[in-house]
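Data file: work-v5.cif. Format and content: mmCIF, C-alpha atoms and all ligand atoms.
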data_protein
#
loop_
_atom_site.label_atom_id
_atom_site.label_comp_id
_atom_site.auth_asym_id
_atom_site.auth_seq_id
_atom_site.Cartn_x
_atom_site.Cartn_y
_atom_site.Cartn_z
CA MET L 30 27.80 116.11 221.43
CA GLU L 31 30.20 113.81 219.62
CA ARG L 32 30.69 111.91 222.87
CA ALA L 33 26.93 111.45 223.13
CA LYS L 34 26.81 110.05 219.59
CA ASN L 35 29.69 107.65 220.31
CA LEU L 36 27.99 106.38 223.46
CA GLU L 37 24.69 105.95 221.66
CA GLN L 38 26.31 103.96 218.85
CA THR L 39 28.50 101.83 221.13
CA TYR L 40 25.89 100.96 223.74
CA HIS L 41 22.68 101.28 221.67
CA THR L 42 21.22 103.69 224.15
CA THR L 43 19.92 107.25 224.29
CA VAL L 44 22.15 109.97 225.67
CA GLU L 45 21.01 113.41 226.71
CA ILE L 46 23.57 116.04 227.62
CA ILE L 47 22.70 119.00 229.82
CA ILE L 48 25.44 121.60 230.00
CA ALA L 49 25.40 123.28 233.39
CA GLU L 50 27.87 125.30 235.41
CA LEU L 51 27.04 123.84 238.80
CA SER L 52 28.32 126.79 240.79
CA ARG L 53 25.43 128.83 239.35
CA THR L 54 22.10 128.25 241.05
CA GLU L 55 19.98 128.67 237.87
CA GLU L 56 22.09 126.16 235.94
CA MET L 57 22.16 123.71 238.83
CA LYS L 58 18.36 123.94 238.95
CA LYS L 59 18.14 122.91 235.27
CA VAL L 60 19.69 119.57 236.21
CA GLU L 61 17.64 119.33 239.38
CA GLU L 62 14.39 119.84 237.46
CA ARG L 63 15.39 117.22 234.86
CA ILE L 64 16.07 114.72 237.65
CA LYS L 65 12.65 115.46 239.20
CA SER L 66 10.95 114.91 235.85
CA LEU L 67 12.36 111.39 235.36
CA ASP L 68 9.94 108.50 235.75
CA ARG L 69 12.79 106.20 236.56
CA LEU L 70 16.33 106.87 237.71
CA ASP L 71 18.50 103.80 238.25
CA ILE L 72 21.71 105.51 239.29
CA LEU L 73 22.76 109.03 240.24
CA ILE L 74 26.50 109.76 240.25
CA ASN L 75 27.60 113.07 241.67
CA ASN L 76 31.01 113.27 240.07
CA ALA L 77 31.66 116.91 239.12
CA GLY L 78 34.64 118.32 240.94
CA TYR L 79 37.89 120.21 240.75
CA TRP L 80 40.73 121.48 242.86
CA GLU L 81 42.43 124.87 242.91
CA PRO L 82 46.06 125.17 244.00
CA GLY L 83 47.13 128.00 246.27
CA PHE L 84 46.49 129.30 249.76
CA LEU L 85 42.88 129.69 250.82
CA TRP L 86 43.44 133.32 251.80
CA GLU L 87 44.67 134.16 248.33
CA ARG L 88 41.55 132.85 246.58
CA SER L 89 38.49 135.01 246.03
CA PRO L 90 35.60 134.38 248.44
CA ASN L 91 33.39 133.71 245.39
CA SER L 92 35.67 130.93 244.13
CA LEU L 93 35.61 129.31 247.58
CA GLU L 94 31.83 129.44 247.62
CA ALA L 95 31.69 128.09 244.05
CA MET L 96 33.54 124.94 245.10
CA ILE L 97 31.06 124.34 247.93
CA MET L 98 28.19 124.77 245.43
CA VAL L 99 29.66 122.22 242.99
CA HIS L 100 30.88 119.65 245.53
CA ASN L 101 28.13 119.88 248.13
CA VAL L 102 25.07 121.98 247.28
CA ALA L 103 24.58 120.37 243.85
CA PRO L 104 24.82 116.75 245.12
CA VAL L 105 22.46 117.49 248.02
CA ARG L 106 19.89 119.10 245.71
CA PHE L 107 20.21 116.33 243.08
CA ILE L 108 19.81 113.60 245.67
CA ARG L 109 16.82 115.40 247.19
CA ALA L 110 15.32 115.60 243.70
CA ALA L 111 15.96 111.91 242.98
CA LEU L 112 14.87 110.36 246.27
CA PRO L 113 11.05 110.58 246.10
CA ARG L 114 10.93 108.51 242.88
CA MET L 115 13.64 106.13 244.08
CA LEU L 116 11.72 105.60 247.34
CA GLN L 117 8.51 105.01 245.40
CA ARG L 118 10.25 102.32 243.33
CA ASP L 119 12.23 101.10 246.37
CA LYS L 120 15.24 100.99 244.08
CA GLY L 121 18.11 103.23 243.09
CA ASP L 122 21.85 103.73 243.46
CA ILE L 123 23.62 106.94 244.47
CA ILE L 124 27.37 107.41 244.23
CA ASN L 125 28.98 110.57 245.56
CA VAL L 126 32.52 111.04 244.31
CA SER L 127 34.54 112.27 247.27
CA SER L 128 38.32 111.99 247.50
CA ILE L 129 41.06 110.47 249.62
CA GLY L 130 41.84 114.16 250.18
CA ALA L 131 39.01 114.11 252.72
CA TYR L 132 41.45 112.37 255.09
CA PHE L 133 44.46 114.62 254.53
CA ASN L 134 44.15 118.13 255.95
CA MET L 135 46.97 119.55 253.87
CA VAL L 136 47.87 123.12 252.99
CA THR L 137 45.98 124.10 249.77
CA MET L 138 43.36 121.40 250.46
CA GLU L 139 41.40 123.23 253.18
CA ASN L 140 38.25 123.95 251.20
CA TYR L 141 38.57 121.00 248.78
CA GLY L 142 39.20 118.47 251.56
CA ALA L 143 36.38 119.83 253.71
CA THR L 144 33.84 119.60 250.88
CA LYS L 145 34.93 116.01 250.24
CA THR L 146 34.64 115.18 253.97
CA TYR L 147 31.12 116.60 253.91
CA LEU L 148 30.25 114.24 251.06
CA ILE L 149 31.43 111.20 253.02
CA SER L 150 29.55 112.19 256.15
CA PHE L 151 26.41 113.06 254.17
CA THR L 152 26.50 109.75 252.29
CA GLU L 153 27.00 107.67 255.43
CA SER L 154 24.20 109.47 257.30
CA LEU L 155 21.87 109.02 254.36
CA HIS L 156 22.80 105.35 254.16
CA VAL L 157 21.83 104.94 257.80
CA ALA L 158 18.54 106.75 257.19
CA LEU L 159 17.74 104.58 254.16
CA MET L 160 18.82 101.20 255.57
CA GLY L 161 16.11 98.65 254.92
CA THR L 162 15.09 100.27 251.63
CA GLY L 163 16.26 99.27 248.16
CA ILE L 164 18.40 102.40 247.83
CA ARG L 165 22.15 101.82 247.88
CA LEU L 166 24.59 104.61 248.65
CA GLN L 167 28.30 104.96 248.19
CA ALA L 168 30.91 107.59 248.98
CA LEU L 169 33.74 106.93 246.56
CA ALA L 170 37.08 108.30 247.75
CA PRO L 171 39.71 107.74 245.07
CA GLY L 172 43.36 108.68 245.34
CA LEU L 173 45.38 110.12 242.48
CA THR L 174 43.79 109.01 239.21
CA VAL L 175 44.80 109.68 235.61
CA THR L 176 42.06 112.02 234.36
CA GLU L 177 41.96 115.66 233.26
CA PHE L 178 41.82 116.72 236.91
CA HIS L 179 45.49 117.81 236.99
CA SER L 180 46.16 118.39 233.30
CA ARG L 181 43.39 120.99 233.07
CA LEU L 182 45.42 123.02 235.59
CA GLY L 183 48.33 122.95 233.17
CA ALA L 184 50.29 120.25 235.01
CA ASP L 185 52.24 117.48 233.37
CA PHE L 186 52.48 114.52 235.72
CA THR L 187 53.30 111.94 233.02
CA LYS L 188 56.16 110.46 235.07
CA GLU L 189 54.28 110.23 238.37
CA GLN L 190 51.13 108.99 236.69
CA ARG L 191 52.60 105.53 236.22
CA ARG L 192 51.78 104.96 239.89
CA TRP L 193 48.31 106.50 239.72
CA MET L 194 45.13 104.54 239.21
CA LYS L 195 43.32 104.40 235.91
CA PRO L 196 39.73 105.66 235.89
CA GLU L 197 38.53 102.24 234.66
CA GLU L 198 40.04 100.58 237.77
CA VAL L 199 38.37 103.13 240.05
CA VAL L 200 35.00 102.63 238.35
CA ASP L 201 35.35 98.86 238.47
CA LYS L 202 36.16 98.86 242.20
CA SER L 203 33.35 101.31 242.91
CA LEU L 204 30.72 99.22 241.13
CA ARG L 205 31.93 96.02 242.79
CA ALA L 206 31.75 97.75 246.19
CA LEU L 207 28.24 98.97 245.38
CA GLU L 208 27.14 95.39 244.74
CA LYS L 209 28.45 94.49 248.21
CA VAL L 210 26.70 97.55 249.69
CA GLN L 211 30.06 98.83 250.86
CA VAL L 212 29.17 102.43 251.68
CA LEU L 213 32.67 103.87 251.82
CA CYS L 214 34.87 102.84 248.92
CA ILE L 215 38.55 103.79 248.88
CA PRO L 216 39.93 102.01 245.81
CA GLY L 217 43.39 100.48 246.27
CA PHE L 218 44.90 98.63 249.23
CA ARG L 219 47.85 101.04 249.60
CA ARG L 220 45.52 104.02 249.70
CA ARG L 221 43.34 102.43 252.38
CA LEU L 222 46.48 101.70 254.38
CA LEU L 223 47.61 105.32 254.01
CA VAL L 224 44.28 106.58 255.32
CA LYS L 225 44.45 104.18 258.30
CA PHE L 226 48.01 105.22 259.03
CA ALA L 227 47.25 108.96 258.86
CA SER L 228 44.15 108.54 261.04
CA ALA L 229 46.14 106.57 263.64
CA LEU L 230 48.81 109.26 264.08
CA PRO L 231 48.57 111.37 267.24
CA ARG L 232 46.96 114.64 266.10
CA PRO L 233 49.94 116.98 266.80
CA ILE L 234 52.20 114.71 264.69
CA TYR L 235 49.53 114.37 262.00
CA TYR L 236 49.29 118.20 261.74
CA LYS L 237 53.07 118.51 261.31
CA VAL L 238 53.11 115.80 258.62
CA MET L 239 50.21 117.49 256.78
CA LYS L 240 51.97 120.85 256.91
CA PHE L 241 55.18 119.32 255.59
CA ILE L 242 53.56 117.41 252.70
CA GLY L 243 51.15 120.27 251.89
CA GLU L 244 53.99 122.75 251.59
CA LYS L 245 55.86 120.39 249.25
CA VAL L 246 52.75 120.08 247.08
CA LYS L 247 52.31 123.87 247.12
CA LYS L 248 55.95 124.38 246.05
CA ARG L 249 55.48 121.93 243.18
CA TRP L 250 52.40 123.82 241.96
CA ASP L 251 54.18 127.17 242.28
CA GLU L 252 56.89 125.78 239.96
CA ILE L 253 54.25 124.54 237.51
CA GLU L 254 52.54 127.97 237.51
CA LYS L 255 55.88 129.74 236.90
CA ALA L 256 56.87 127.41 234.01
N1 LIG L 301 41.75 112.62 239.39
C1 LIG L 301 42.08 112.53 240.65
O1 LIG L 301 43.27 112.36 241.00
C2 LIG L 301 40.99 112.56 241.71
C3 LIG L 301 41.32 112.11 243.00
C4 LIG L 301 40.34 112.11 243.98
C5 LIG L 301 39.05 112.54 243.69
N2 LIG L 301 38.75 113.00 242.43
C6 LIG L 301 37.37 113.46 242.19
O2 LIG L 301 36.86 112.77 241.07
C7 LIG L 301 35.81 113.55 240.48
C8 LIG L 301 35.96 113.52 238.98
O3 LIG L 301 37.15 114.21 238.63
P1 LIG L 301 38.14 113.67 237.51
O4 LIG L 301 39.34 113.13 238.18
O5 LIG L 301 37.42 112.80 236.54
O6 LIG L 301 38.57 115.05 236.86
P2 LIG L 301 38.20 115.69 235.44
O7 LIG L 301 38.65 114.79 234.35
O8 LIG L 301 38.75 117.07 235.51
O9 LIG L 301 36.60 115.72 235.45
C9 LIG L 301 35.90 116.61 236.28
C10 LIG L 301 34.45 116.64 235.86
O10 LIG L 301 33.75 117.58 236.69
C11 LIG L 301 33.08 118.52 235.85
N3 LIG L 301 33.07 119.83 236.51
C12 LIG L 301 34.11 120.46 237.11
N4 LIG L 301 33.71 121.66 237.57
C13 LIG L 301 32.41 121.80 237.23
C14 LIG L 301 31.46 122.84 237.39
N5 LIG L 301 31.78 124.00 238.01
N6 LIG L 301 30.20 122.66 236.92
C15 LIG L 301 29.89 121.51 236.27
N7 LIG L 301 30.74 120.48 236.07
C16 LIG L 301 32.00 120.63 236.54
C17 LIG L 301 33.88 118.57 234.57
O11 LIG L 301 33.07 119.03 233.52
P3 LIG L 301 33.76 119.71 232.20
O12 LIG L 301 34.65 118.66 231.60
O13 LIG L 301 32.59 120.07 231.37
O14 LIG L 301 34.54 120.87 232.70
C18 LIG L 301 34.28 117.10 234.41
O15 LIG L 301 33.21 116.37 233.84
C19 LIG L 301 35.92 114.94 241.11
O16 LIG L 301 34.87 115.13 242.03
C20 LIG L 301 37.27 114.92 241.83
O17 LIG L 301 37.27 115.77 242.96
C21 LIG L 301 39.70 113.00 241.44
#

With the file now loaded, output its structure as structure tokens.
Ligand SMILES: NC(=O)c1ccc[n+]([C@@H]2O[C@H](COP(=O)([O-])OP(=O)(O)OC[C@H]3O[C@@H](n4cnc5c(N)ncnc54)[C@H](OP(=O)(O)O)[C@@H]3O)[C@@H](O)[C@H]2O)c1
Amino acid sequence: MERAKNLEQTYHTTVEIIIAELSRTEEMKKVEERIKSLDRLDILINNAGYWEPGFLWERSPNSLEAMIMVHNVAPVRFIRAALPRMLQRDKGDIINVSSIGAYFNMVTMENYGATKTYLISFTESLHVALMGTGIRLQALAPGLTVTEFHSRLGADFTKEQRRWMKPEEVVDKSLRALEKVQVLCIPGFRRRLLVKFASALPRPIYYKVMKFIGEKVKKRWDEIEKA
């Protein structure tokens, strides 16, 4: 609530906060209904997301389903709720926050990466369907960014974070790309190069590289969990 007050004072605007656990249908529907009730919605950003370290087969089926609810079901429902009014006004922006992880099928990223791939595919298909209207879509696929994403899992990446992007940079690049109606936005030249390189590898080599890197990441997280 303090954040809302700060935003209101800084930007002379009105802020409404709806607290919702998006893996729960009833709470997701609270947000969905609020979206439907809006006379005007200029921009919808589906940003909520998280990652869980560990092997897929060690996670509970419910936690796997929860991630799909938050990353995919909620955005689809929110967009469906927003579109009729946006179409009526012939205006509106939609940004779905995916991840560069969509391009790297690494160990521990199976469910996370797949949900983020879904978001990219969904956004691009919707863009094609809505071409010629005033509705602009973007799938934003950032790489490592300094937020609470990792720290909330108890990890301290202070040293590595010097090379990570700042959220302000990611937002800036995303909004510039939106202006250019660039549907897929991967902020950062090096990250785009990395995606191109990984996609160009022959699949059997790509799988071996993903297994190797994924296992290194997994080992690092195991050490963090033990500490
Ligand atoms: N940081 C990175 O390196 C990175 C890289 C690629 C993609 N991304 C993507 O960027 C997006 C934003 O993450 P971030 O980096 O800003 O991390 P963050 O600081 O941890 O923020 C995540 C946001 O998602 C919300 N959220 C998480 N689980 C939720 C749930 N079950 N129900 C409702 N809200 C939920 C959190 O709400 P609360 O604060 O209330 O928990 C928070 O607002 C995510 O979709 C993430 O996958 C991040």

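Closest approach to L:Asp71 from the set L:Arg114, L:Lys225, L:Lys240, L:Lys202 is made by L:Arg114, with distances taken over only C-alpha atoms.
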
**Q.** 9 Å shell around ligand LIG 301 (chain L) using all atoms listed in the file, listed as a ChimeraX atom specification
**A.** /L:48-53,56-57,75-80,95-96,98-100,125-130,141,145,169-182,193-194,196

Take the residues just selected and output them with C-alpha atoms as a tab-separated table (two decimals), in the frame of the given file.
chain	number	residue	atom	x	y	z
L	48	ILE	CA	25.44	121.60	230.00
L	49	ALA	CA	25.40	123.28	233.39
L	50	GLU	CA	27.87	125.30	235.41
L	51	LEU	CA	27.04	123.84	238.80
L	52	SER	CA	28.32	126.79	240.79
L	53	ARG	CA	25.43	128.83	239.35
L	56	GLU	CA	22.09	126.16	235.94
L	57	MET	CA	22.16	123.71	238.83
L	75	ASN	CA	27.60	113.07	241.67
L	76	ASN	CA	31.01	113.27	240.07
L	77	ALA	CA	31.66	116.91	239.12
L	78	GLY	CA	34.64	118.32	240.94
L	79	TYR	CA	37.89	120.21	240.75
L	80	TRP	CA	40.73	121.48	242.86
L	95	ALA	CA	31.69	128.09	244.05
L	96	MET	CA	33.54	124.94	245.10
L	98	MET	CA	28.19	124.77	245.43
L	99	VAL	CA	29.66	122.22	242.99
L	100	HIS	CA	30.88	119.65	245.53
L	125	ASN	CA	28.98	110.57	245.56
L	126	VAL	CA	32.52	111.04	244.31
L	127	SER	CA	34.54	112.27	247.27
L	128	SER	CA	38.32	111.99	247.50
L	129	ILE	CA	41.06	110.47	249.62
L	130	GLY	CA	41.84	114.16	250.18
L	141	TYR	CA	38.57	121.00	248.78
L	145	LYS	CA	34.93	116.01	250.24
L	169	LEU	CA	33.74	106.93	246.56
L	170	ALA	CA	37.08	108.30	247.75
L	171	PRO	CA	39.71	107.74	245.07
L	172	GLY	CA	43.36	108.68	245.34
L	173	LEU	CA	45.38	110.12	242.48
L	174	THR	CA	43.79	109.01	239.21
L	175	VAL	CA	44.80	109.68	235.61
L	176	THR	CA	42.06	112.02	234.36
L	177	GLU	CA	41.96	115.66	233.26
L	178	PHE	CA	41.82	116.72	236.91
L	179	HIS	CA	45.49	117.81	236.99
L	180	SER	CA	46.16	118.39	233.30
L	181	ARG	CA	43.39	120.99	233.07
L	182	LEU	CA	45.42	123.02	235.59
L	193	TRP	CA	48.31	106.50	239.72
L	194	MET	CA	45.13	104.54	239.21
L	196	PRO	CA	39.73	105.66	235.89

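Atom CA of L:Ala206 is positioned 24.4 Å from atom CA of L:Arg191.
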
Q. Any idea what's packed within 12 Å of L:Pro113, counting only C-alpha atoms, ignoring anything in its chain fewer than 5 positions away? Could you give it as an MDAnalysis selection string?
A. chainID L and resid 64:70 107:108 118:121 164

(Q) I'd like the interatomic distance between atom CA of L:Ile72 and atom CA of L:Ile123, to a tenth of an Å. (A) 5.7 Å

Can you complete the atoms of stretch 164-193 of chain L to N, CA and C atoms and list them as a PDB file, in the frame of the given file?
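Now in rebuild_16.pdb:
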ATOM      1  N   ILE L 164      17.497 101.358 248.341  1.00  0.00           N
ATOM      2  CA  ILE L 164      18.400 102.400 247.830  1.00  0.00           C
ATOM      3  C   ILE L 164      19.804 102.180 248.397  1.00  0.00           C
ATOM      4  N   ARG L 165      20.756 102.077 247.464  1.00  0.00           N
ATOM      5  CA  ARG L 165      22.150 101.820 247.880  1.00  0.00           C
ATOM      6  C   ARG L 165      22.959 103.102 247.709  1.00  0.00           C
ATOM      7  N   LEU L 166      23.775 103.389 248.720  1.00  0.00           N
ATOM      8  CA  LEU L 166      24.590 104.610 248.650  1.00  0.00           C
ATOM      9  C   LEU L 166      26.069 104.288 248.720  1.00  0.00           C
ATOM     10  N   GLN L 167      26.847 105.128 248.097  1.00  0.00           N
ATOM     11  CA  GLN L 167      28.300 104.960 248.190  1.00  0.00           C
ATOM     12  C   GLN L 167      29.007 106.315 248.163  1.00  0.00           C
ATOM     13  N   ALA L 168      29.975 106.461 249.066  1.00  0.00           N
ATOM     14  CA  ALA L 168      30.910 107.590 248.980  1.00  0.00           C
ATOM     15  C   ALA L 168      32.191 106.991 248.397  1.00  0.00           C
ATOM     16  N   LEU L 169      32.538 107.446 247.233  1.00  0.00           N
ATOM     17  CA  LEU L 169      33.740 106.930 246.560  1.00  0.00           C
ATOM     18  C   LEU L 169      34.878 107.910 246.803  1.00  0.00           C
ATOM     19  N   ALA L 170      35.954 107.408 247.415  1.00  0.00           N
ATOM     20  CA  ALA L 170      37.080 108.300 247.750  1.00  0.00           C
ATOM     21  C   ALA L 170      38.353 107.830 247.051  1.00  0.00           C
ATOM     22  N   PRO L 171      38.512 108.188 245.780  1.00  0.00           N
ATOM     23  CA  PRO L 171      39.710 107.740 245.070  1.00  0.00           C
ATOM     24  C   PRO L 171      40.941 108.548 245.473  1.00  0.00           C
ATOM     25  N   GLY L 172      42.100 107.948 245.226  1.00  0.00           N
ATOM     26  CA  GLY L 172      43.360 108.680 245.340  1.00  0.00           C
ATOM     27  C   GLY L 172      43.698 109.227 243.961  1.00  0.00           C
ATOM     28  N   LEU L 173      44.978 109.543 243.764  1.00  0.00           N
ATOM     29  CA  LEU L 173      45.380 110.120 242.480  1.00  0.00           C
ATOM     30  C   LEU L 173      45.002 109.205 241.319  1.00  0.00           C
ATOM     31  N   THR L 174      44.326 109.763 240.350  1.00  0.00           N
ATOM     32  CA  THR L 174      43.790 109.010 239.210  1.00  0.00           C
ATOM     33  C   THR L 174      44.108 109.772 237.933  1.00  0.00           C
ATOM     34  N   VAL L 175      44.427 109.018 236.880  1.00  0.00           N
ATOM     35  CA  VAL L 175      44.800 109.680 235.610  1.00  0.00           C
ATOM     36  C   VAL L 175      43.537 110.142 234.875  1.00  0.00           C
ATOM     37  N   THR L 176      43.194 111.411 235.080  1.00  0.00           N
ATOM     38  CA  THR L 176      42.060 112.020 234.360  1.00  0.00           C
ATOM     39  C   THR L 176      42.518 113.413 233.918  1.00  0.00           C
ATOM     40  N   GLU L 177      41.569 114.282 233.629  1.00  0.00           N
ATOM     41  CA  GLU L 177      41.960 115.660 233.260  1.00  0.00           C
ATOM     42  C   GLU L 177      42.058 116.566 234.476  1.00  0.00           C
ATOM     43  N   PHE L 178      41.841 115.971 235.648  1.00  0.00           N
ATOM     44  CA  PHE L 178      41.820 116.720 236.910  1.00  0.00           C
ATOM     45  C   PHE L 178      43.051 117.622 237.081  1.00  0.00           C
ATOM     46  N   HIS L 179      44.247 117.054 236.816  1.00  0.00           N
ATOM     47  CA  HIS L 179      45.490 117.810 236.990  1.00  0.00           C
ATOM     48  C   HIS L 179      45.900 118.501 235.702  1.00  0.00           C
ATOM     49  N   SER L 180      45.688 117.819 234.572  1.00  0.00           N
ATOM     50  CA  SER L 180      46.160 118.390 233.300  1.00  0.00           C
ATOM     51  C   SER L 180      45.394 119.661 232.957  1.00  0.00           C
ATOM     52  N   ARG L 181      44.125 119.758 233.388  1.00  0.00           N
ATOM     53  CA  ARG L 181      43.390 120.990 233.070  1.00  0.00           C
ATOM     54  C   ARG L 181      43.933 122.188 233.837  1.00  0.00           C
ATOM     55  N   LEU L 182      44.766 121.927 234.854  1.00  0.00           N
ATOM     56  CA  LEU L 182      45.420 123.020 235.590  1.00  0.00           C
ATOM     57  C   LEU L 182      46.786 123.337 234.977  1.00  0.00           C
ATOM     58  N   GLY L 183      47.074 122.670 233.880  1.00  0.00           N
ATOM     59  CA  GLY L 183      48.330 122.950 233.170  1.00  0.00           C
ATOM     60  C   GLY L 183      49.492 122.110 233.661  1.00  0.00           C
ATOM     61  N   ALA L 184      49.200 121.052 234.447  1.00  0.00           N
ATOM     62  CA  ALA L 184      50.290 120.250 235.010  1.00  0.00           C
ATOM     63  C   ALA L 184      50.584 119.021 234.170  1.00  0.00           C
ATOM     64  N   ASP L 185      51.860 118.696 234.071  1.00  0.00           N
ATOM     65  CA  ASP L 185      52.240 117.480 233.370  1.00  0.00           C
ATOM     66  C   ASP L 185      52.817 116.503 234.396  1.00  0.00           C
ATOM     67  N   PHE L 186      52.048 115.500 234.728  1.00  0.00           N
ATOM     68  CA  PHE L 186      52.480 114.520 235.720  1.00  0.00           C
ATOM     69  C   PHE L 186      52.746 113.164 235.059  1.00  0.00           C
ATOM     70  N   THR L 187      53.148 113.189 233.778  1.00  0.00           N
ATOM     71  CA  THR L 187      53.300 111.940 233.020  1.00  0.00           C
ATOM     72  C   THR L 187      54.128 110.917 233.789  1.00  0.00           C
ATOM     73  N   LYS L 188      55.258 111.392 234.382  1.00  0.00           N
ATOM     74  CA  LYS L 188      56.160 110.460 235.070  1.00  0.00           C
ATOM     75  C   LYS L 188      55.480 109.826 236.283  1.00  0.00           C
ATOM     76  N   GLU L 189      54.916 110.708 237.124  1.00  0.00           N
ATOM     77  CA  GLU L 189      54.280 110.230 238.370  1.00  0.00           C
ATOM     78  C   GLU L 189      53.060 109.364 238.083  1.00  0.00           C
ATOM     79  N   GLN L 190      52.406 109.641 236.949  1.00  0.00           N
ATOM     80  CA  GLN L 190      51.130 108.990 236.690  1.00  0.00           C
ATOM     81  C   GLN L 190      51.222 107.479 236.506  1.00  0.00           C
ATOM     82  N   ARG L 191      52.448 106.973 236.339  1.00  0.00           N
ATOM     83  CA  ARG L 191      52.600 105.530 236.220  1.00  0.00           C
ATOM     84  C   ARG L 191      52.104 104.830 237.491  1.00  0.00           C
ATOM     85  N   ARG L 192      52.195 105.565 238.611  1.00  0.00           N
ATOM     86  CA  ARG L 192      51.780 104.960 239.890  1.00  0.00           C
ATOM     87  C   ARG L 192      50.319 105.282 240.239  1.00  0.00           C
ATOM     88  N   TRP L 193      49.699 106.113 239.415  1.00  0.00           N
ATOM     89  CA  TRP L 193      48.310 106.500 239.720  1.00  0.00           C
ATOM     90  C   TRP L 193      47.348 105.448 239.191  1.00  0.00           C
TER      91      TRP L 193
END
